[in-house]
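Student: Okay, handing you the structure first.
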Amino acid sequence: MAIEVRIPTILRNLTDGAKAVEGNGGTLDELISDLDSRHPGLRERLVDDNGLRKFVNVYLNDEDVRFLGGLEAKVSDGDNVTILPAVAGG
């Protein structure tokens, strides 16, 4: 079993159009690194020197990972991760 990661439309060019991909890792950081090894460029779109980019929201089983430890949030097989770009406007 693996961790399902839902990919927003804006990043699907990195996943050959896939709406969801699977990855492995014990933390969100490890999961992102695993995904980046198969989908180069994904990590740099999600992470900067300070951690998760401010304009990207990541949810682990519908919980905002910023409240679960950010990149150090624990993940395990069967979890669902959703990546959503922040949207502004009025």
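For the structure tokens, the naming scheme is as follows: chains receive sequential letters (A, B, ...) according to their order of presentation, residues are indexed from 1 within each chain, and ligands are indexed from 1 in presentation order.
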Please list as a PyMOL selection string every residue within 8 Å of segment 80-86 of chain A, counting only C-alpha atoms and excluding residues in the same chain fewer than 4 positions away.

Tutor: chain A and resi 3-8+55-62

Student: List every residue of segment 10-89 of chain A that DSSP, applied to the backbone, labels as strand (DSSP E), and write the result as number ranges by chain.

Tutor: A: 20-23, 47-48, 51-52, 56-60, 63-64, 80-85

Student: Of the candidates A:Glu63, A:Asp34, A:Asp48, A:Glu22, which shows the shortest atom-to-atom distance to Asp77 of chain A, using only C-alpha atoms?

Tutor: A:Glu22

Student: Set the distance at 7 Å and use only C-alpha atoms: which residues neighbour Lys74 of chain A once local chain neighbours fewer than 5 positions away are removed? I'd like the list as a list in words.

Tutor: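 Everything that qualifies: Gly26, Thr27 and Leu28 of chain A.
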
Student: Output C-alpha atoms for every residue in that selection, as a PDB file, in the first residue's frame.

Tutor:
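Written output follows (selection_34.pdb):
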```pdb
ATOM      1  CA  GLY A  26       7.554   8.300   6.838  1.00  0.00           C
ATOM      2  CA  THR A  27       7.179  12.090   6.822  1.00  0.00           C
ATOM      3  CA  LEU A  28       5.725  14.591   4.376  1.00  0.00           C
TER       4      LEU A  28
END
```

Student: Using only C-alpha atoms, which residue out of A:Arg38, A:Val87, A:Val21, A:Leu71 lies closest to Asn50 of chain A?

Tutor: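 Among A:Arg38, A:Val87, A:Val21, A:Leu71, it is A:Leu71 that comes nearest to Asn50 of chain A.
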